[in-house]
file my_file_23.cif (mmCIF, C-alpha atoms)
data_start
loop_
_atom_site.label_atom_id
_atom_site.label_comp_id
_atom_site.auth_asym_id
_atom_site.auth_seq_id
_atom_site.Cartn_x
_atom_site.Cartn_y
_atom_site.Cartn_z
CA MET K 6 34.57 77.39 65.58
CA LYS K 7 33.48 78.60 68.98
CA SER K 8 29.87 78.85 67.91
CA ILE K 9 29.93 75.26 66.58
CA GLN K 10 31.30 74.05 69.94
CA THR K 11 28.60 75.96 71.76
CA ARG K 12 25.95 74.49 69.50
CA LEU K 13 27.26 70.94 70.11
CA ALA K 14 27.34 71.55 73.83
CA LEU K 15 23.75 72.76 73.73
CA GLN K 16 22.67 69.69 71.77
CA LYS K 17 24.17 67.41 74.46
CA MET K 18 22.31 69.19 77.25
CA PRO K 19 19.10 67.44 78.29
CA ALA K 20 15.94 69.31 77.39
CA PRO K 21 14.78 71.30 80.40
CA ALA K 22 11.98 69.57 82.27
CA THR K 23 8.54 71.09 81.84
CA PRO K 24 7.63 72.88 85.06
CA ILE K 25 4.61 71.40 86.82
CA ILE K 26 2.18 73.55 88.75
CA ARG K 27 -0.05 71.70 91.15
CA ILE K 28 -3.58 73.08 91.16
CA PRO K 29 -4.61 73.29 94.83
CA TYR K 30 -7.28 71.18 96.51
CA ARG K 31 -9.62 74.18 96.65
CA LEU K 32 -9.52 76.73 93.85
CA CYS K 33 -11.23 79.67 95.54
CA ASP K 34 -10.55 83.29 96.50
CA TYR K 35 -7.55 82.78 98.77
CA THR K 36 -5.86 80.13 96.62
CA LEU K 37 -6.43 81.70 93.17
CA PRO K 38 -3.57 84.24 93.23
CA LYS K 39 -1.13 81.59 94.50
CA VAL K 40 -1.43 79.47 91.35
CA LEU K 41 0.39 81.87 89.09
CA ALA K 42 2.77 83.05 91.81
CA GLU K 43 4.09 79.49 91.87
CA VAL K 44 4.49 79.58 88.07
CA LEU K 45 6.43 82.80 88.18
CA SER K 46 8.62 81.76 91.11
CA GLN K 47 9.55 78.53 89.32
CA CYS K 48 10.36 80.32 86.10
CA GLY K 49 12.08 83.37 87.52
CA GLY K 50 9.95 85.59 85.29
CA ASN K 51 10.96 83.79 82.07
CA LEU K 52 8.10 81.61 81.01
CA PRO K 53 9.03 78.20 79.56
CA PRO K 54 7.63 77.06 76.20
CA THR K 55 5.34 74.60 78.00
CA LEU K 56 3.84 74.50 81.46
CA ASP K 57 1.95 71.59 82.98
CA PHE K 58 -0.93 72.10 85.40
CA ASP K 59 -1.36 69.02 87.56
CA MET K 60 -5.11 68.70 88.16
CA SER K 61 -4.95 65.59 90.39
CA SER K 62 -5.50 67.41 93.71
CA LEU K 63 -8.37 69.62 92.62
CA SER K 64 -11.51 68.83 94.61
CA PHE K 65 -13.40 72.09 94.77
CA ILE K 66 -13.60 74.96 92.31
CA GLU K 67 -15.55 78.20 92.58
CA PRO K 68 -16.95 80.00 89.50
CA ALA K 69 -14.18 82.59 89.81
CA GLY K 70 -11.71 79.70 89.71
CA VAL K 71 -13.08 78.63 86.31
CA THR K 72 -12.55 82.07 84.77
CA PHE K 73 -9.29 82.61 86.65
CA LEU K 74 -7.78 79.35 85.40
CA SER K 75 -9.04 80.06 81.90
CA ASN K 76 -7.59 83.56 82.04
CA ILE K 77 -4.21 82.18 83.13
CA GLY K 78 -4.33 79.78 80.16
CA TYR K 79 -4.92 82.59 77.67
CA TRP K 80 -2.39 84.84 79.41
CA LEU K 81 0.30 82.14 79.10
CA VAL K 82 -0.52 81.53 75.41
CA SER K 83 -0.30 85.28 74.77
CA ARG K 84 3.25 85.12 76.17
CA GLY K 85 4.33 82.17 74.04
CA CYS K 86 3.87 79.53 76.74
CA ASN K 87 1.71 76.50 76.04
CA PRO K 88 -0.28 75.38 79.11
CA ARG K 89 -1.17 71.71 79.43
CA PHE K 90 -3.60 70.21 81.88
CA ILE K 91 -2.40 66.84 83.12
CA ASN K 92 -3.44 64.09 85.54
CA ILE K 93 -7.08 64.62 84.74
CA ASP K 94 -9.47 62.15 86.36
CA ASN K 95 -12.78 62.09 84.49
CA ARG K 96 -14.57 60.84 87.63
CA ASN K 97 -13.46 63.80 89.77
CA GLN K 98 -16.51 66.04 90.33
CA SER K 99 -14.49 69.25 89.93
CA ILE K 100 -13.09 68.00 86.62
CA ILE K 101 -16.64 67.08 85.51
CA TYR K 102 -17.77 70.58 86.52
CA LEU K 103 -14.94 72.15 84.48
CA ASP K 104 -15.80 69.89 81.55
CA ASP K 105 -19.51 70.81 81.70
CA SER K 106 -18.44 74.46 81.90
CA LEU K 107 -16.70 73.91 78.54
CA PHE K 108 -13.30 74.69 80.03
CA PHE K 109 -11.54 71.77 78.33
CA GLU K 110 -13.28 72.48 75.03
CA GLN K 111 -11.73 75.95 75.10
CA HIS K 112 -8.29 74.99 76.37
CA CYS K 113 -7.70 71.46 75.08
CA GLY K 114 -9.72 71.59 71.86
CA SER K 115 -12.45 69.17 72.91
CA ARG K 116 -14.64 68.11 75.82
CA LEU K 117 -13.25 65.27 77.97
CA ARG K 118 -16.50 63.33 78.15
CA VAL K 119 -18.96 62.61 75.37
CA GLU K 120 -21.83 63.51 77.67
CA ALA K 121 -20.30 66.82 78.81
CA CYS K 122 -22.69 69.71 78.29
CA PRO K 123 -23.51 73.00 80.01
CA ARG K 124 -25.64 72.55 83.12
CA ARG K 125 -29.08 74.08 83.52
CA THR K 126 -27.68 76.25 86.33
CA THR K 127 -24.71 77.66 84.43
CA GLN K 128 -23.88 79.88 81.54
CA PRO K 129 -20.73 78.14 80.33
CA LEU K 130 -17.34 79.74 80.10
CA GLN K 131 -17.23 82.31 77.32
CA ARG K 132 -14.27 84.17 75.94
CA ILE K 133 -15.94 87.15 74.44
CA ASP K 134 -14.82 90.44 72.95
CA HIS K 135 -16.22 93.88 73.61
CA ASP K 136 -18.12 94.06 70.33
CA ARG K 137 -20.17 90.96 71.16
CA ILE K 138 -20.64 91.20 74.92
CA HIS K 139 -23.55 93.64 75.01
CA SER K 140 -25.72 91.64 72.62
CA TRP K 141 -24.75 88.39 74.40
CA LEU K 142 -25.88 89.86 77.70
CA ARG K 143 -29.16 91.03 76.19
CA MET K 144 -29.91 87.95 74.09
CA GLU K 145 -28.46 85.14 76.24
CA LEU K 146 -27.59 85.96 79.82
CA ILE K 147 -30.52 88.12 80.90
CA PRO K 148 -33.26 85.94 79.33
CA TRP K 149 -31.60 82.89 80.97
CA LEU K 150 -31.38 84.60 84.36
CA SER K 151 -34.95 85.82 84.00
CA SER K 152 -36.07 82.25 83.37
CA CYS K 153 -33.97 80.82 86.26
CA LEU K 154 -35.30 83.35 88.76
CA GLY K 155 -38.83 83.83 87.43
CA MET K 156 -38.24 87.57 87.28
CA THR K 157 -38.83 90.16 84.59
CA GLN K 158 -35.89 91.21 82.45
CA SER K 159 -36.36 94.79 83.69
CA SER K 160 -35.62 93.56 87.22
CA LEU K 161 -32.24 92.30 86.03
CA SER K 162 -31.17 95.08 83.68
CA MET K 163 -29.13 96.81 86.41
CA PHE K 164 -26.95 93.67 86.66
CA GLN K 165 -26.65 93.52 82.89
CA VAL K 166 -25.35 97.09 82.98
CA CYS K 167 -22.78 96.18 85.67
CA ILE K 168 -21.26 93.56 83.38
CA SER K 169 -21.43 95.90 80.40
CA GLU K 170 -19.52 98.45 82.51
CA LEU K 171 -16.80 95.87 83.24
CA PHE K 172 -16.41 95.07 79.54
CA ASN K 173 -16.37 98.79 78.70
CA ASN K 174 -13.48 99.03 81.18
CA ILE K 175 -11.77 96.10 79.46
CA ASN K 176 -12.24 97.88 76.14
CA ASP K 177 -10.73 101.08 77.54
CA HIS K 178 -7.76 99.50 79.32
CA SER K 179 -6.87 96.16 77.75
CA ILE K 180 -5.37 94.78 74.59
CA PRO K 181 -6.94 92.49 73.51
CA ASN K 182 -10.33 93.90 74.53
CA THR K 183 -11.53 90.44 75.43
CA GLY K 184 -12.71 88.96 78.70
CA SER K 185 -13.80 85.61 80.03
CA ILE K 186 -17.13 85.20 81.78
CA PHE K 187 -18.77 82.32 83.61
CA VAL K 188 -22.08 82.39 85.49
CA GLN K 189 -23.43 79.95 88.05
CA HIS K 190 -26.87 79.94 89.67
CA TYR K 191 -27.10 78.31 93.11
CA PRO K 192 -30.88 77.92 93.62
CA ASN K 193 -30.44 76.36 97.08
CA LYS K 194 -28.27 79.23 98.30
CA ASN K 195 -30.32 81.96 96.57
CA GLU K 196 -27.15 83.13 94.87
CA ILE K 197 -25.87 83.99 91.42
CA ARG K 198 -22.10 84.05 90.90
CA ILE K 199 -20.74 85.98 87.92
CA ALA K 200 -17.00 85.86 87.32
CA VAL K 201 -15.30 88.09 84.75
CA ALA K 202 -11.56 88.06 84.00
CA ASP K 203 -9.21 89.81 81.62
CA PHE K 204 -5.45 89.85 81.26
CA GLY K 205 -4.97 93.53 80.59
CA PRO K 206 -2.46 95.65 82.53
CA GLY K 207 -4.38 95.24 85.80
CA ILE K 208 -5.90 97.85 88.09
CA PRO K 209 -2.65 98.86 89.88
CA SER K 210 -0.89 99.65 86.58
CA THR K 211 -3.88 101.55 85.23
CA VAL K 212 -4.41 103.53 88.44
CA ALA K 213 -0.67 104.35 88.61
CA ARG K 214 -1.08 106.65 85.56
CA ARG K 215 -3.03 109.09 87.74
CA ALA K 216 -2.10 108.02 91.25
CA PRO K 217 1.42 106.57 91.37
CA ASN K 218 3.16 104.96 94.34
CA LEU K 219 0.13 103.11 95.67
CA THR K 220 0.25 99.53 96.85
CA ASP K 221 -1.89 97.12 94.86
CA VAL K 222 -4.54 97.11 97.59
CA GLN K 223 -4.57 100.92 97.71
CA ALA K 224 -4.88 101.01 93.91
CA ILE K 225 -7.93 98.71 93.97
CA LEU K 226 -9.54 100.90 96.65
CA LYS K 227 -8.70 104.01 94.60
CA ALA K 228 -10.24 102.48 91.47
CA VAL K 229 -13.63 102.04 93.14
CA GLU K 230 -13.81 105.61 94.47
CA PRO K 231 -16.73 107.41 92.79
CA GLY K 232 -15.37 109.70 90.10
CA PHE K 233 -11.81 108.37 90.07
CA SER K 234 -10.72 107.75 86.50
CA SER K 235 -7.38 106.86 84.96
CA LEU K 236 -8.56 108.97 81.99
CA SER K 237 -7.26 106.31 79.61
CA SER K 238 -10.16 107.35 77.41
CA PRO K 239 -11.17 111.03 77.29
CA ARG K 240 -14.77 110.19 78.16
CA ASN K 241 -13.94 108.07 81.22
CA ARG K 242 -15.48 109.45 84.37
CA GLY K 243 -14.71 106.64 86.77
CA ALA K 244 -18.25 105.42 87.31
CA GLY K 245 -18.13 101.75 86.26
CA LEU K 246 -16.74 100.06 89.39
CA ASP K 247 -18.67 102.38 91.69
CA ILE K 248 -21.89 101.40 89.88
CA LEU K 249 -20.98 97.74 90.34
CA LEU K 250 -20.52 98.19 94.10
CA GLU K 251 -23.64 100.35 94.41
CA THR K 252 -25.72 97.74 92.59
CA ALA K 253 -24.28 94.45 93.81
CA VAL K 254 -23.22 95.35 97.35
CA ARG K 255 -25.12 98.36 98.67
CA ARG K 256 -28.47 97.62 97.01
CA ASN K 257 -28.47 93.86 96.52
CA GLY K 258 -26.56 92.96 99.68
CA GLY K 259 -24.22 90.75 97.68
CA ARG K 260 -20.46 90.61 97.58
CA VAL K 261 -17.81 91.67 95.05
CA THR K 262 -14.22 90.45 95.08
CA ILE K 263 -11.66 92.22 92.92
CA PHE K 264 -8.37 90.44 92.23
CA SER K 265 -5.59 92.31 90.49
CA GLN K 266 -1.85 91.72 90.43
CA SER K 267 -0.66 90.85 93.96
CA SER K 268 -3.84 91.59 95.89
CA TYR K 269 -7.56 91.16 96.25
CA VAL K 270 -10.27 93.08 98.07
CA VAL K 271 -13.66 91.74 99.15
CA PHE K 272 -16.48 94.31 99.27
CA SER K 273 -19.65 93.56 101.22
CA GLN K 274 -22.15 95.46 103.34
CA GLN K 275 -19.93 94.67 106.31
CA GLY K 276 -17.13 96.71 104.71
CA CYS K 277 -14.10 95.80 102.66
CA HIS K 278 -11.53 93.18 103.52
CA VAL K 279 -8.12 93.64 101.95
CA HIS K 280 -5.61 90.94 101.17
CA GLY K 281 -2.24 92.20 99.95
CA GLY K 282 0.79 90.31 98.71
CA VAL K 283 -1.09 87.06 98.26
CA GLY K 284 0.29 85.96 94.89
CA PHE K 285 -0.28 87.14 91.35
CA CYS K 286 -3.33 87.71 89.17
CA PRO K 287 -2.72 88.68 85.55
CA GLY K 288 -5.03 91.56 84.65
CA THR K 289 -8.17 91.66 86.74
CA THR K 290 -10.64 89.04 87.89
CA ILE K 291 -13.94 90.16 89.38
CA ASP K 292 -16.17 87.75 91.28
CA ILE K 293 -19.72 89.01 91.80
CA CYS K 294 -21.98 87.19 94.23
CA LEU K 295 -25.60 88.36 94.00
CA ARG K 296 -28.43 87.50 96.36
CA THR K 297 -31.48 86.41 94.42
CA ASP K 298 -33.87 86.97 97.34
CA THR K 299 -33.31 90.74 97.45
CA ILE K 300 -33.86 91.53 93.77
CA GLU K 301 -36.86 93.79 93.33
CA GLN K 302 -39.43 92.66 90.77
CA ILE K 303 -39.85 95.53 88.29
CA GLU K 304 -42.62 95.37 85.73
CA ASP K 305 -41.48 95.41 82.12
CA GLY K 306 -42.81 98.51 80.44
CA PRO K 307 -41.86 102.09 79.75
CA GLU K 308 -41.43 104.81 82.37
CA ASP K 309 -40.93 108.52 81.86
CA LEU K 310 -38.17 110.24 83.79
CA GLU K 311 -39.21 112.69 86.48
CA TRP K 312 -36.36 115.03 87.34
CA MET Y 11 -38.52 117.98 68.73
CA VAL Y 12 -38.52 114.22 69.47
CA ILE Y 13 -35.42 112.05 69.13
CA ARG Y 14 -36.19 108.35 69.22
CA VAL Y 15 -32.87 106.71 70.12
CA VAL Y 16 -33.74 103.40 68.47
CA ASP Y 17 -34.02 105.16 65.09
CA PHE Y 18 -30.32 105.98 65.23
CA LEU Y 19 -28.72 103.44 67.56
CA PRO Y 20 -29.20 99.71 68.21
CA SER Y 21 -28.56 100.07 71.95
CA ALA Y 22 -27.15 102.36 74.64
CA ASP Y 23 -24.06 100.40 75.68
CA THR Y 24 -20.97 102.37 74.70
CA ALA Y 25 -19.47 105.85 74.77
CA GLU Y 26 -19.34 105.85 70.97
CA GLN Y 27 -23.11 105.34 70.81
CA GLY Y 28 -23.58 108.05 73.43
CA ALA Y 29 -21.52 110.46 71.34
CA VAL Y 30 -23.95 110.04 68.43
CA LEU Y 31 -26.87 111.08 70.62
CA HIS Y 32 -24.79 113.85 72.21
CA ASN Y 33 -24.13 115.49 68.85
CA MET Y 34 -27.82 115.46 67.99
CA LEU Y 35 -28.79 116.87 71.39
CA LEU Y 36 -26.12 119.55 71.35
CA ASP Y 37 -27.20 120.89 67.95
CA GLU Y 38 -30.83 121.07 69.00
CA LEU Y 39 -30.16 122.53 72.45
CA LYS Y 40 -27.91 125.23 70.96
CA SER Y 41 -30.77 126.25 68.71
CA GLY Y 42 -32.91 126.82 71.78
CA THR Y 43 -35.23 123.87 71.28
CA THR Y 44 -36.78 121.74 74.01
CA ILE Y 45 -36.13 118.08 73.26
CA THR Y 46 -37.93 114.86 74.05
CA VAL Y 47 -35.66 111.80 74.00
CA SER Y 48 -37.50 108.51 73.66
CA PHE Y 49 -35.81 105.28 74.76
CA TYR Y 50 -38.57 103.21 73.15
CA HIS Y 51 -37.41 99.56 72.88
CA ILE Y 52 -34.17 100.21 74.78
CA GLN Y 53 -34.02 98.51 78.18
CA SER Y 54 -30.74 99.69 79.65
CA ALA Y 55 -27.98 102.26 79.37
CA THR Y 56 -24.42 102.12 80.67
CA SER Y 57 -22.63 104.97 82.42
CA SER Y 58 -20.32 105.22 79.39
CA PHE Y 59 -23.34 105.91 77.16
CA VAL Y 60 -24.96 108.36 79.57
CA ASN Y 61 -21.68 110.20 80.21
CA ALA Y 62 -21.06 110.67 76.51
CA ALA Y 63 -24.66 111.52 75.61
CA PHE Y 64 -25.81 113.67 78.54
CA VAL Y 65 -23.00 114.46 81.03
CA ASP Y 66 -20.86 116.07 78.34
CA LEU Y 67 -23.72 118.56 77.82
CA LEU Y 68 -22.85 120.02 81.24
CA SER Y 69 -19.90 121.80 79.66
CA HIS Y 70 -22.44 123.83 77.62
CA PHE Y 71 -25.54 124.01 79.82
CA GLY Y 72 -26.28 123.99 83.54
CA PHE Y 73 -28.03 121.00 85.11
CA ASP Y 74 -31.12 123.11 85.88
CA GLU Y 75 -31.38 124.21 82.25
CA LEU Y 76 -31.02 120.62 81.04
CA LYS Y 77 -33.79 119.54 83.40
CA LYS Y 78 -36.06 122.19 81.87
CA ARG Y 79 -35.22 121.46 78.25
CA LEU Y 80 -34.80 117.68 78.17
CA ARG Y 81 -37.66 115.24 78.55
CA ILE Y 82 -36.85 111.54 78.77
CA VAL Y 83 -39.77 109.29 77.87
CA GLU Y 84 -40.60 105.61 77.14
CA SER Y 85 -37.53 104.75 79.16
CA SER Y 86 -36.87 102.22 81.94
CA ARG Y 87 -36.19 102.64 85.63
CA GLN Y 88 -32.54 101.66 85.14
CA ILE Y 89 -32.01 104.22 82.36
CA ASN Y 90 -33.77 106.97 84.30
CA GLU Y 91 -31.76 106.30 87.45
CA MET Y 92 -28.52 106.22 85.49
CA ILE Y 93 -29.24 109.56 83.77
CA LYS Y 94 -30.29 111.26 87.01
CA SER Y 95 -27.44 109.91 89.13
CA ARG Y 96 -24.71 110.61 86.56
CA LEU Y 97 -25.90 114.15 85.82
CA SER Y 98 -26.39 114.90 89.49
CA PHE Y 99 -22.95 113.55 90.48
CA GLU Y 100 -21.10 115.36 87.71
CA SER Y 101 -23.03 118.59 88.24
CA ASP Y 102 -22.11 118.50 91.95
CA ARG Y 103 -18.51 117.81 91.00
CA VAL Y 104 -18.44 120.90 88.76
CA SER Y 105 -19.90 122.97 91.64
CA ARG Y 106 -17.29 121.57 94.05
CA ASP Y 107 -14.48 122.37 91.62
CA VAL Y 108 -15.75 125.94 91.16
CA SER Y 109 -16.03 126.44 94.95
CA ARG Y 110 -12.50 125.13 95.41
CA LEU Y 111 -11.27 127.54 92.73
CA HIS Y 112 -12.82 130.52 94.52
CA ALA Y 113 -11.77 129.44 98.01
#
call {"tool": "encode", "arguments": {"input": "my_file_23.cif", "output": "structure tokens"}}
result
Amino acid sequence: MKSIQTRLALQKMPAPATPIIRIPYRLCDYTLPKVLAEVLSQCGGNLPPTLDFDMSSLSFIEPAGVTFLSNIGYWLVSRGCNPRFINIDNRNQSIIYLDDSLFFEQHCGSRLRVEACPRRTTQPLQRIDHDRIHSWLRMELIPWLSSCLGMTQSSLSMFQVCISELFNNINDHSIPNTGSIFVQHYPNKNEIRIAVADFGPGIPSTVARRAPNLTDVQAILKAVEPGFSSLSSPRNRGAGLDILLETAVRRNGGRVTIFSQSSYVVFSQQGCHVHGGVGFCPGTTIDICLRTDTIEQIEDGPEDLEW
Amino acid sequence: MVIRVVDFLPSADTAEQGAVLHNMLLDELKSGTTITVSFYHIQSATSSFVNAAFVDLLSHFGFDELKKRLRIVESSRQINEMIKSRLSFESDRVSRDVSRLHA
């Protein structure tokens, strides 16, 4: 009898309103982690069946924002929450950019505009698993970059390896072993932005297996130390992130930003800038900014190794 | 003895692929042979591949011996730098660990 009364009472209760998360005016490094923090604070840790992202304020989005938002979408779906993107204005340039990046095709099932298509200066958003990434890099990304920059593929292979290293990390640490990647060329700024995101356990959780009791910022700094490995795979030797920083920051003079859980750290030749307790990032998002004017032209062709 | 990587592996991207080359190298090195490894048609190698293929050999042979008995040819600058830097770093690490043990 009691259970019937409870059931009747539940039926009379209005359905809970779908929480609405307002996407900020600028979706860039310092606003990215705040998006999901707002979700979690509204839900008290229990995700609702549906969550609405209000896109009406969005006016500027960085490449890392595209992968970050996409990663949040997949992360929510993996936890039984259906994200919806509402108040979409097809004339808004940021919405058009997301549409051309194939964001809505991936997350809403179709492109918003008939004419939406990837731009000449982008490699559209890809959700790609470890088995396919290496051939995609070799067959798609590097030939495209080579054509954009007028450089040999050998000149770019060190950057290809950096991304392969990130996906090898995803394969070692994450289930599923899938990541999202989006690439933007800014010819006028002499920059390439490559953003990679996964929703694995995140760097702090992985580092904690070997080095517990670190803050999230300390864990990110630990993870990039040469030779530090969580040993989640017996062959790990902790080289991947160090190679990324060596290649993209120390050699190229670019910038790498690593977001994970509550923090992010920006690495550049000027040093590293830490930002702790700024929100929440599921898994890890890595934003690589490469200078195109410092890449050395290397002739394609074999070389023998001289010890 | 020449091992042409492309005859056995499509690329040099993963630790699993590196392990295949490692097993071939280990067998030959144990038999006292000098080996030439050709990276013909392979443009790049990740640290995971190089660690599994070459760095793991350091538990059987010293870096100086590997330098004498391994020739890397038809490679690329990226692959050569990766092999040299990974072997050098891990060899130094072994030396540091040994020094610490005896300190």
call {"tool": "closest_residue", "arguments": {"input": "my_file_23.cif", "among": "Y:His51, Y:Arg14, Y:Arg79, Y:Lys94", "to": "Y:Leu31", "atoms": "all atoms listed in the file"}}
result
Y:Arg14
call {"tool": "resolve_selection", "arguments": {"input": "my_file_23.cif", "expression": "the PyMOL selection byres ((chain K) within 10 of (chain Y))", "output": "VMD selection string"}}
result
chain K and resid 135 to 136 138 to 140 143 158 to 170 172 to 174 176 231 to 232 238 to 245 248 303 to 312
call {"tool": "write_last_selection", "arguments": {"input": "my_file_23.cif", "atoms": "C-alpha atoms", "output": "PDB file, keeping the file's coordinate frame"}}
result
ATOM      1  CA  HIS K 135     -16.220  93.880  73.610  1.00  0.00           C
ATOM      2  CA  ASP K 136     -18.120  94.060  70.330  1.00  0.00           C
ATOM      3  CA  ILE K 138     -20.640  91.200  74.920  1.00  0.00           C
ATOM      4  CA  HIS K 139     -23.550  93.640  75.010  1.00  0.00           C
ATOM      5  CA  SER K 140     -25.720  91.640  72.620  1.00  0.00           C
ATOM      6  CA  ARG K 143     -29.160  91.030  76.190  1.00  0.00           C
ATOM      7  CA  GLN K 158     -35.890  91.210  82.450  1.00  0.00           C
ATOM      8  CA  SER K 159     -36.360  94.790  83.690  1.00  0.00           C
ATOM      9  CA  SER K 160     -35.620  93.560  87.220  1.00  0.00           C
ATOM     10  CA  LEU K 161     -32.240  92.300  86.030  1.00  0.00           C
ATOM     11  CA  SER K 162     -31.170  95.080  83.680  1.00  0.00           C
ATOM     12  CA  MET K 163     -29.130  96.810  86.410  1.00  0.00           C
ATOM     13  CA  PHE K 164     -26.950  93.670  86.660  1.00  0.00           C
ATOM     14  CA  GLN K 165     -26.650  93.520  82.890  1.00  0.00           C
ATOM     15  CA  VAL K 166     -25.350  97.090  82.980  1.00  0.00           C
ATOM     16  CA  CYS K 167     -22.780  96.180  85.670  1.00  0.00           C
ATOM     17  CA  ILE K 168     -21.260  93.560  83.380  1.00  0.00           C
ATOM     18  CA  SER K 169     -21.430  95.900  80.400  1.00  0.00           C
ATOM     19  CA  GLU K 170     -19.520  98.450  82.510  1.00  0.00           C
ATOM     20  CA  PHE K 172     -16.410  95.070  79.540  1.00  0.00           C
ATOM     21  CA  ASN K 173     -16.370  98.790  78.700  1.00  0.00           C
ATOM     22  CA  ASN K 174     -13.480  99.030  81.180  1.00  0.00           C
ATOM     23  CA  ASN K 176     -12.240  97.880  76.140  1.00  0.00           C
ATOM     24  CA  PRO K 231     -16.730 107.410  92.790  1.00  0.00           C
ATOM     25  CA  GLY K 232     -15.370 109.700  90.100  1.00  0.00           C
ATOM     26  CA  SER K 238     -10.160 107.350  77.410  1.00  0.00           C
ATOM     27  CA  PRO K 239     -11.170 111.030  77.290  1.00  0.00           C
ATOM     28  CA  ARG K 240     -14.770 110.190  78.160  1.00  0.00           C
ATOM     29  CA  ASN K 241     -13.940 108.070  81.220  1.00  0.00           C
ATOM     30  CA  ARG K 242     -15.480 109.450  84.370  1.00  0.00           C
ATOM     31  CA  GLY K 243     -14.710 106.640  86.770  1.00  0.00           C
ATOM     32  CA  ALA K 244     -18.250 105.420  87.310  1.00  0.00           C
ATOM     33  CA  GLY K 245     -18.130 101.750  86.260  1.00  0.00           C
ATOM     34  CA  ILE K 248     -21.890 101.400  89.880  1.00  0.00           C
ATOM     35  CA  ILE K 303     -39.850  95.530  88.290  1.00  0.00           C
ATOM     36  CA  GLU K 304     -42.620  95.370  85.730  1.00  0.00           C
ATOM     37  CA  ASP K 305     -41.480  95.410  82.120  1.00  0.00           C
ATOM     38  CA  GLY K 306     -42.810  98.510  80.440  1.00  0.00           C
ATOM     39  CA  PRO K 307     -41.860 102.090  79.750  1.00  0.00           C
ATOM     40  CA  GLU K 308     -41.430 104.810  82.370  1.00  0.00           C
ATOM     41  CA  ASP K 309     -40.930 108.520  81.860  1.00  0.00           C
ATOM     42  CA  LEU K 310     -38.170 110.240  83.790  1.00  0.00           C
ATOM     43  CA  GLU K 311     -39.210 112.690  86.480  1.00  0.00           C
ATOM     44  CA  TRP K 312     -36.360 115.030  87.340  1.00  0.00           C
TER      45      TRP K 312
END
call {"tool": "closest_residue", "arguments": {"input": "my_file_23.cif", "among": "Y:Ser41, Y:Asn33, Y:Thr46, Y:Val104", "to": "Y:Ser69", "atoms": "all atoms listed in the file"}}
result
Y:Val104
call {"tool": "axis_aligned_box", "arguments": {"input": "my_file_23.cif", "around": "stretch 79-95 of chain Y", "padding_each_side": "4 Å", "output": "JSON"}}
result
{"center_x": -34.0, "center_y": 111.6, "center_z": 83.1, "size_x": 21.2, "size_y": 27.8, "size_z": 20.0}
call {"tool": "atom_distance", "arguments": {"input": "my_file_23.cif", "atom1": "atom CA of K:Val44", "atom2": "atom CA of K:Thr23"}}
result
11.3 Å
call {"tool": "residues_around", "arguments": {"input": "my_file_23.cif", "residues": "K:Ser235", "least_positions_apart": "5", "cutoff": "9 Å", "atoms": "all atoms listed in the file", "output": "list in words"}}
result
Thr211, Val212, Ala213, Arg214, Arg215, Ala216, Ala228, Asn241, Arg242 and Gly243 of chain K
call {"tool": "decode", "arguments": {"input": "my_file_23.cif", "residues": "stretch 48-67 of chain K", "atoms": "C-alpha atoms", "output": "short mmCIF file (atom, residue, chain, number, x, y, z; two decimals), in the first residue's frame"}}
result
data_model
loop_
_atom_site.label_atom_id
_atom_site.label_comp_id
_atom_site.auth_asym_id
_atom_site.auth_seq_id
_atom_site.Cartn_x
_atom_site.Cartn_y
_atom_site.Cartn_z
CA CYS K 48 23.60 18.80 -10.29
CA GLY K 49 25.39 18.15 -7.03
CA GLY K 50 27.38 15.38 -8.70
CA ASN K 51 24.28 13.50 -9.93
CA LEU K 52 23.90 14.15 -13.61
CA PRO K 53 20.33 14.63 -14.87
CA PRO K 54 19.03 12.61 -17.83
CA THR K 55 19.20 15.73 -20.02
CA LEU K 56 21.28 18.87 -19.90
CA ASP K 57 20.79 21.94 -22.08
CA PHE K 58 23.70 24.07 -23.24
CA ASP K 59 22.50 27.57 -24.04
CA MET K 60 24.62 28.74 -26.99
CA SER K 61 23.09 32.23 -27.29
CA SER K 62 25.99 34.12 -25.64
CA LEU K 63 28.82 32.41 -27.48
CA SER K 64 30.77 34.92 -29.57
CA PHE K 65 34.30 33.56 -29.66
CA ILE K 66 35.58 30.00 -29.58
CA GLU K 67 39.16 28.76 -29.68
#
